$ cat run37.cif   # mmCIF, C-alpha atoms
data_protein
#
loop_
_atom_site.label_atom_id
_atom_site.label_comp_id
_atom_site.auth_asym_id
_atom_site.auth_seq_id
_atom_site.Cartn_x
_atom_site.Cartn_y
_atom_site.Cartn_z
CA MET A 18 49.96 2.27 -23.18
CA ILE A 19 47.96 5.16 -24.65
CA GLU A 20 49.83 8.31 -25.61
CA PHE A 21 48.58 11.72 -26.72
CA GLU A 22 51.22 13.73 -28.58
CA HIS A 23 50.48 17.43 -29.19
CA VAL A 24 46.80 16.76 -29.77
CA TYR A 25 44.45 19.60 -30.71
CA LYS A 26 40.72 19.52 -31.38
CA GLU A 27 39.09 22.58 -32.88
CA TYR A 28 35.50 23.37 -33.81
CA GLY A 29 35.71 26.45 -35.99
CA ASP A 30 37.25 29.16 -33.84
CA ASN A 31 36.75 27.17 -30.63
CA SER A 32 39.61 25.04 -29.30
CA ALA A 33 38.18 22.11 -27.35
CA ILE A 34 41.62 20.56 -26.74
CA LYS A 35 44.90 22.49 -26.78
CA ASP A 36 48.26 20.77 -27.20
CA LEU A 37 47.41 17.74 -25.09
CA ASN A 38 50.33 15.52 -24.07
CA LEU A 39 49.76 12.62 -21.70
CA LYS A 40 50.38 8.92 -21.19
CA ILE A 41 48.02 6.32 -19.75
CA GLN A 42 49.82 3.23 -18.49
CA ASP A 43 48.45 -0.29 -18.97
CA GLY A 44 46.39 -1.41 -15.99
CA ASP A 45 45.92 2.10 -14.60
CA PHE A 46 42.69 3.53 -13.23
CA PHE A 47 42.97 6.87 -15.00
CA VAL A 48 40.44 9.60 -14.23
CA MET A 49 39.88 12.80 -16.20
CA VAL A 50 38.11 15.45 -14.15
CA GLY A 51 37.02 18.99 -14.90
CA THR A 52 34.07 21.31 -15.23
CA SER A 53 31.66 21.29 -18.17
CA GLY A 54 33.47 22.22 -21.38
CA SER A 55 36.90 21.27 -20.05
CA GLY A 56 37.53 18.74 -22.85
CA LYS A 57 37.43 15.54 -20.82
CA THR A 58 34.70 13.77 -22.84
CA THR A 59 36.23 14.96 -26.11
CA THR A 60 39.54 13.42 -25.02
CA LEU A 61 37.83 10.13 -24.10
CA LYS A 62 36.01 9.94 -27.43
CA MET A 63 39.21 10.53 -29.36
CA ILE A 64 40.61 7.29 -27.91
CA ASN A 65 37.98 5.15 -29.69
CA ARG A 66 37.82 7.49 -32.71
CA LEU A 67 34.30 8.74 -32.11
CA ILE A 68 35.98 12.14 -32.45
CA LYS A 69 38.96 12.77 -34.68
CA PRO A 70 41.68 15.19 -33.53
CA THR A 71 42.36 18.25 -35.65
CA SER A 72 46.09 17.64 -35.32
CA GLY A 73 48.55 15.60 -33.29
CA LYS A 74 48.81 11.85 -32.73
CA ILE A 75 47.18 9.31 -30.44
CA LEU A 76 49.09 6.04 -30.03
CA ILE A 77 48.08 2.71 -28.54
CA ASP A 78 51.05 0.45 -27.82
CA GLY A 79 53.21 2.72 -29.97
CA LYS A 80 50.94 2.54 -33.02
CA ASN A 81 48.88 5.45 -34.37
CA ILE A 82 45.20 4.66 -33.80
CA GLU A 83 44.41 5.86 -37.33
CA THR A 84 46.21 2.76 -38.66
CA TYR A 85 44.10 0.28 -36.66
CA ASP A 86 41.08 -1.45 -38.16
CA LEU A 87 38.27 0.55 -36.53
CA GLN A 88 35.95 -2.36 -35.78
CA LYS A 89 38.70 -4.55 -34.34
CA MET A 90 40.02 -1.67 -32.27
CA ARG A 91 36.62 -0.91 -30.76
CA LEU A 92 36.00 -4.57 -29.99
CA ASN A 93 39.04 -4.30 -27.72
CA MET A 94 37.54 -1.31 -25.88
CA GLY A 95 34.62 -1.47 -23.48
CA TYR A 96 32.45 1.65 -23.38
CA VAL A 97 30.10 2.69 -20.56
CA LEU A 98 27.88 5.77 -20.84
CA GLN A 99 25.73 7.77 -18.44
CA ASN A 100 22.80 6.69 -20.60
CA ILE A 101 23.00 2.95 -20.00
CA ALA A 102 21.33 2.08 -23.31
CA LEU A 103 20.42 -1.53 -22.64
CA PHE A 104 18.41 -3.04 -25.47
CA PRO A 105 14.82 -3.20 -24.13
CA ASN A 106 13.84 -6.20 -26.26
CA LEU A 107 16.76 -8.39 -25.12
CA THR A 108 17.20 -10.25 -21.85
CA ILE A 109 19.97 -9.25 -19.46
CA GLU A 110 22.09 -12.20 -20.59
CA GLU A 111 21.58 -11.24 -24.25
CA ASN A 112 22.50 -7.62 -23.50
CA ILE A 113 25.73 -8.67 -21.81
CA THR A 114 26.73 -10.91 -24.70
CA ILE A 115 26.05 -8.53 -27.61
CA GLN A 116 29.75 -8.30 -28.54
CA PRO A 117 30.55 -12.00 -27.94
CA ASP A 118 27.60 -12.85 -30.19
CA SER A 119 29.02 -10.62 -32.95
CA LEU A 120 32.29 -12.54 -32.59
CA HIS A 121 30.38 -15.82 -33.09
CA TRP A 122 31.14 -17.25 -29.66
CA SER A 123 29.28 -20.47 -28.88
CA LYS A 124 26.02 -20.24 -26.92
CA GLU A 125 27.59 -22.08 -23.98
CA LYS A 126 30.61 -19.76 -23.87
CA ARG A 127 28.38 -16.69 -24.03
CA LYS A 128 26.24 -17.96 -21.18
CA ASN A 129 29.28 -18.81 -19.03
CA VAL A 130 30.73 -15.33 -19.49
CA ALA A 131 27.41 -13.60 -18.73
CA TRP A 132 26.74 -15.66 -15.61
CA ASP A 133 30.29 -15.22 -14.31
CA LEU A 134 30.10 -11.44 -14.75
CA LEU A 135 26.67 -11.21 -13.12
CA GLU A 136 28.06 -13.03 -10.09
CA LYS A 137 31.00 -10.59 -9.95
CA VAL A 138 28.63 -7.64 -9.54
CA GLY A 139 26.31 -9.29 -7.03
CA LEU A 140 23.44 -10.12 -9.38
CA ASP A 141 22.40 -13.78 -9.05
CA PRO A 142 22.35 -15.07 -12.66
CA LYS A 143 19.60 -17.53 -11.81
CA GLN A 144 17.40 -14.55 -10.97
CA TYR A 145 18.66 -11.92 -13.39
CA ALA A 146 19.93 -13.58 -16.59
CA LYS A 147 16.49 -14.01 -18.16
CA ARG A 148 14.96 -10.76 -16.91
CA MET A 149 14.24 -7.80 -19.17
CA PRO A 150 15.91 -4.40 -18.57
CA ASN A 151 12.66 -2.75 -17.42
CA GLU A 152 12.54 -5.21 -14.50
CA LEU A 153 15.79 -3.81 -13.04
CA SER A 154 16.45 -0.68 -11.00
CA GLY A 155 18.65 2.09 -12.38
CA GLY A 156 21.62 0.90 -10.32
CA GLU A 157 21.13 -2.70 -11.42
CA GLN A 158 20.91 -1.63 -15.06
CA GLN A 159 24.18 0.30 -14.71
CA ARG A 160 25.85 -2.81 -13.25
CA VAL A 161 24.78 -4.66 -16.37
CA GLY A 162 26.11 -1.82 -18.53
CA ILE A 163 29.49 -2.10 -16.82
CA ILE A 164 29.84 -5.86 -17.22
CA ARG A 165 28.58 -5.70 -20.81
CA ALA A 166 31.66 -3.57 -21.49
CA LEU A 167 33.83 -6.30 -19.93
CA ALA A 168 32.32 -9.30 -21.71
CA THR A 169 35.09 -9.73 -24.30
CA SER A 170 37.93 -9.03 -21.81
CA PRO A 171 38.86 -5.76 -23.54
CA GLN A 172 42.26 -4.13 -23.24
CA MET A 173 40.63 -1.01 -21.78
CA VAL A 174 37.27 0.29 -20.57
CA LEU A 175 36.15 3.85 -21.32
CA MET A 176 33.60 5.30 -18.87
CA ASP A 177 31.91 8.64 -19.56
CA GLU A 178 30.28 9.97 -16.35
CA PRO A 179 28.52 6.62 -15.88
CA PHE A 180 27.19 7.30 -12.37
CA SER A 181 26.19 10.97 -12.54
CA ALA A 182 22.44 10.24 -12.93
CA LEU A 183 22.28 7.86 -9.95
CA ASP A 184 21.31 8.54 -6.35
CA PRO A 185 24.21 8.93 -3.87
CA ILE A 186 23.85 5.43 -2.38
CA SER A 187 23.81 3.68 -5.77
CA ARG A 188 26.67 5.86 -6.91
CA THR A 189 28.87 4.89 -3.96
CA GLN A 190 28.03 1.21 -4.43
CA LEU A 191 29.00 1.33 -8.09
CA GLN A 192 32.22 3.22 -7.35
CA ASP A 193 33.12 0.41 -4.93
CA LEU A 194 32.19 -2.09 -7.62
CA VAL A 195 34.44 -0.67 -10.34
CA LEU A 196 37.34 -0.44 -7.89
CA LYS A 197 36.80 -4.13 -7.08
CA LEU A 198 36.60 -5.08 -10.78
CA HIS A 199 39.75 -3.09 -11.53
CA ARG A 200 41.68 -4.87 -8.78
CA GLU A 201 40.47 -8.28 -9.95
CA LEU A 202 40.85 -7.82 -13.70
CA GLN A 203 43.79 -5.37 -13.92
CA THR A 204 42.14 -3.88 -17.01
CA THR A 205 42.91 -0.26 -17.93
CA PHE A 206 40.00 1.94 -16.83
CA ILE A 207 39.68 5.47 -18.25
CA PHE A 208 36.98 7.35 -16.38
CA VAL A 209 35.49 10.81 -16.98
CA THR A 210 33.77 12.80 -14.23
CA HIS A 211 33.02 16.38 -13.20
CA ASP A 212 32.93 15.32 -9.54
CA MET A 213 36.17 15.98 -7.66
CA HIS A 214 35.21 13.56 -4.87
CA GLU A 215 34.61 10.77 -7.39
CA ALA A 216 37.94 11.51 -9.08
CA ILE A 217 39.86 11.28 -5.80
CA ARG A 218 37.97 8.17 -4.71
CA LEU A 219 38.59 6.23 -7.93
CA GLY A 220 41.72 7.50 -9.62
CA ASN A 221 45.20 6.07 -9.32
CA THR A 222 46.18 8.74 -11.83
CA ILE A 223 44.14 11.93 -12.16
CA ALA A 224 44.22 14.41 -15.04
CA VAL A 225 42.65 17.80 -14.28
CA LEU A 226 41.37 19.65 -17.35
CA SER A 227 40.03 23.17 -17.82
CA ASN A 228 39.01 24.93 -21.03
CA GLY A 229 40.85 22.37 -23.15
CA ASN A 230 44.08 22.58 -21.16
CA LEU A 231 45.68 19.85 -19.07
CA GLU A 232 46.23 21.69 -15.78
CA GLN A 233 47.87 18.86 -13.83
CA ILE A 234 48.35 15.12 -13.92
CA GLY A 235 49.41 13.01 -10.95
CA ASN A 236 48.28 10.71 -8.16
CA ARG A 237 45.86 11.72 -5.39
CA ASP A 238 48.63 13.02 -3.17
CA ASP A 239 50.04 15.18 -5.97
CA ILE A 240 46.65 16.70 -6.73
CA LEU A 241 45.53 17.33 -3.16
CA ASN A 242 48.80 18.34 -1.53
CA HIS A 243 50.89 19.69 -4.39
CA PRO A 244 48.52 21.55 -6.76
CA LYS A 245 50.35 23.12 -9.69
CA ASN A 246 48.19 26.23 -9.91
CA GLU A 247 45.31 28.10 -8.33
CA PHE A 248 42.72 26.38 -10.51
CA VAL A 249 43.68 22.92 -9.25
CA LYS A 250 44.01 24.18 -5.69
CA GLY A 251 40.58 25.79 -5.79
CA PHE A 252 38.88 22.87 -7.53
CA PHE A 253 39.98 20.38 -4.87
CA LYS A 254 39.95 22.72 -1.86
CA GLN A 255 36.68 21.33 -0.50
CA GLU A 256 37.83 17.74 -1.01
CA LYS A 257 40.92 18.25 1.12
CA GLY A 258 38.68 19.50 3.90
CA GLY A 259 40.88 18.71 6.92
CA GLN A 260 40.24 14.95 7.17
CA SER A 261 42.87 12.80 8.83
CA THR A 262 45.08 10.90 6.39
CA VAL A 263 46.70 7.49 6.13
CA GLY A 264 50.05 9.20 6.68
CA GLU A 265 48.87 10.55 10.03
CA ILE A 266 47.83 7.04 11.10
CA ILE A 267 51.29 5.72 10.21
CA ASP A 268 53.02 8.64 11.96
CA ALA A 269 50.95 7.92 15.09
CA GLY A 270 52.56 4.48 15.23
CA PHE A 271 49.80 2.30 13.86
CA GLY A 272 50.36 -0.50 11.35
CA GLN A 273 53.57 -2.26 10.41
CA ASN A 274 55.88 -3.18 7.56
CA THR A 275 55.15 -6.56 6.00
CA THR A 276 56.34 -8.94 3.28
CA VAL A 277 52.75 -9.80 2.31
CA GLU A 278 51.76 -8.99 -1.28
CA LEU A 279 50.11 -5.64 -2.05
CA ASN A 280 46.31 -5.60 -2.27
CA SER A 281 45.66 -1.83 -2.32
CA SER A 282 46.75 1.36 -4.10
CA LEU A 283 46.44 3.50 -0.95
CA LEU A 284 48.66 6.56 -0.60
CA LYS A 285 49.79 8.33 2.56
CA GLY A 286 47.80 11.38 1.49
CA ASP A 287 44.52 9.43 1.25
CA SER A 288 41.75 10.16 3.73
CA VAL A 289 40.57 7.84 6.49
CA ASN A 290 37.33 7.47 4.50
CA ARG A 291 39.32 5.99 1.61
CA LEU A 292 41.14 3.69 4.04
CA ALA A 293 37.81 2.54 5.50
CA THR A 294 36.53 1.65 2.02
CA GLU A 295 39.70 -0.27 1.20
CA LEU A 296 39.51 -2.15 4.50
CA LYS A 297 35.89 -3.12 3.81
CA ASP A 298 36.86 -4.45 0.37
CA ASN A 299 39.89 -6.40 1.66
CA ALA A 300 38.54 -8.27 4.69
CA GLY A 301 39.88 -5.72 7.16
CA VAL A 302 43.55 -5.77 6.09
CA VAL A 303 45.17 -3.53 3.49
CA ILE A 304 48.74 -3.84 2.20
CA PHE A 305 50.05 -0.84 0.27
CA ASN A 306 53.27 0.81 -0.80
CA ASN A 307 54.70 3.15 1.84
CA ASP A 308 58.06 4.67 0.89
CA ASN A 309 58.88 1.63 -1.28
CA GLU A 310 58.05 -0.88 1.45
CA ASN A 311 54.89 -2.95 1.86
CA TYR A 312 52.89 -1.65 4.80
CA GLN A 313 49.89 -3.18 6.59
CA LEU A 314 46.97 -1.42 8.25
CA THR A 315 43.96 -3.17 9.75
CA THR A 316 40.48 -2.19 10.84
CA ALA A 317 41.72 -2.35 14.44
CA ASP A 318 44.48 0.17 13.58
CA LEU A 319 41.90 2.57 12.13
CA LEU A 320 39.54 2.24 15.10
CA ASP A 321 42.36 2.68 17.61
CA PHE A 322 43.61 5.78 15.76
CA LEU A 323 40.12 7.31 15.70
CA ALA A 324 39.64 6.54 19.40
CA LYS A 325 42.98 8.15 20.22
CA ALA A 326 42.15 11.17 18.09
CA GLY A 327 38.80 11.51 19.87
CA GLU A 328 40.55 11.77 23.24
CA ARG A 329 42.39 14.95 22.24
#

$ encode --input "run37.cif" --output "structure tokens"
Amino acid sequence: MIEFEHVYKEYGDNSAIKDLNLKIQDGDFFVMVGTSGSGKTTTLKMINRLIKPTSGKILIDGKNIETYDLQKMRLNMGYVLQNIALFPNLTIEENITIQPDSLHWSKEKRKNVAWDLLEKVGLDPKQYAKRMPNELSGGEQQRVGIIRALATSPQMVLMDEPFSALDPISRTQLQDLVLKLHRELQTTFIFVTHDMHEAIRLGNTIAVLSNGNLEQIGNRDDILNHPKNEFVKGFFKQEKGGQSTVGEIIDAGFGQNTTVELNSSLLKGDSVNRLATELKDNAGVVIFNNDNENYQLTTADLLDFLAKAGER
């Protein structure tokens, strides 16, 4: 768990972060969203001590981060930037295994990790492992940047607007990819974005920041349907946009309770677009928590609901 306790960050007379208190649970997909200058990147960089708070404490697993050995702490944190920063003189495999190499892993172990991760993100290692970065597209390079951050199985991955420079199609593909990796690895992801749609699409927990203040923290349903103030309401107004929700599909009689294990973090307040993405990623069947019971929806349920809605 990561905890911020009364954290401030000041630059002269400017307060970048004001009395920040929040907790990030292990295994969460935690998104910080806000406009430029809201403090979201500053908050992210304080976690790995790229920026030092003016006052207050940041704890990881109950221990002040100032007491950790800096190098060891950062080796347990993946970091993905908007600027991918692959080393141009190294192959893709060598880029992925930069940190394992610094830890003196054997050549065979490094190769196995790199090839396994390339397969996870749909890049055939036989074709890509020995390529140079300039032989890859921007989206492919960002995939490599993501798995490079995962190569040592870190406790958490910090992602600072990693997709903002990509075209919409590549961006959606990579959003799907990180959701898939999060489900498979159960690693803590901490993601910064200025895009409200991206925040809602990715975040299990969403922190909304503005001018250094934490305006609201909660799940997608909290943020969209129970905004704490006018800023949050206005920021996400367009995202709410009148789409049908998972809750409406359930209320219309589709789906059923089940004893099958959960495979999705869907909420009743999520849009049908979110449901469609989850169905695509889970072979047409999603199992999620609905009022403390496991609930199943299928692609057929979604199509039948949309057909029924179209008849009105």

$ closest_residue --input "run37.cif" --among "A:Leu191, A:Leu107, A:Val48, A:Ile113" --to "A:Gly162" --atoms "only C-alpha atoms"
A:Ile113

$ closest_residue --input "run37.cif" --among "A:Val138, A:Val277, A:Ile64, A:Val97" --to "A:Glu83" --atoms "only C-alpha atoms"
A:Ile64

$ resolve_selection --input "run37.cif" --expression "the PyMOL selection byres ((chain A and resi 38) around 8)" --output "PyMOL selection string"
chain A and resi 20-24+36-37+39-40

$ closest_residue --input "run37.cif" --among "A:Trp132, A:Phe47, A:Gly54, A:Gln42" --to "A:Gly220" --atoms "all atoms listed in the file"
A:Phe47

$ atom_distance --input "run37.cif" --atom1 "atom CA of A:Val195" --atom2 "atom CA of A:Phe322"
28.4 Å
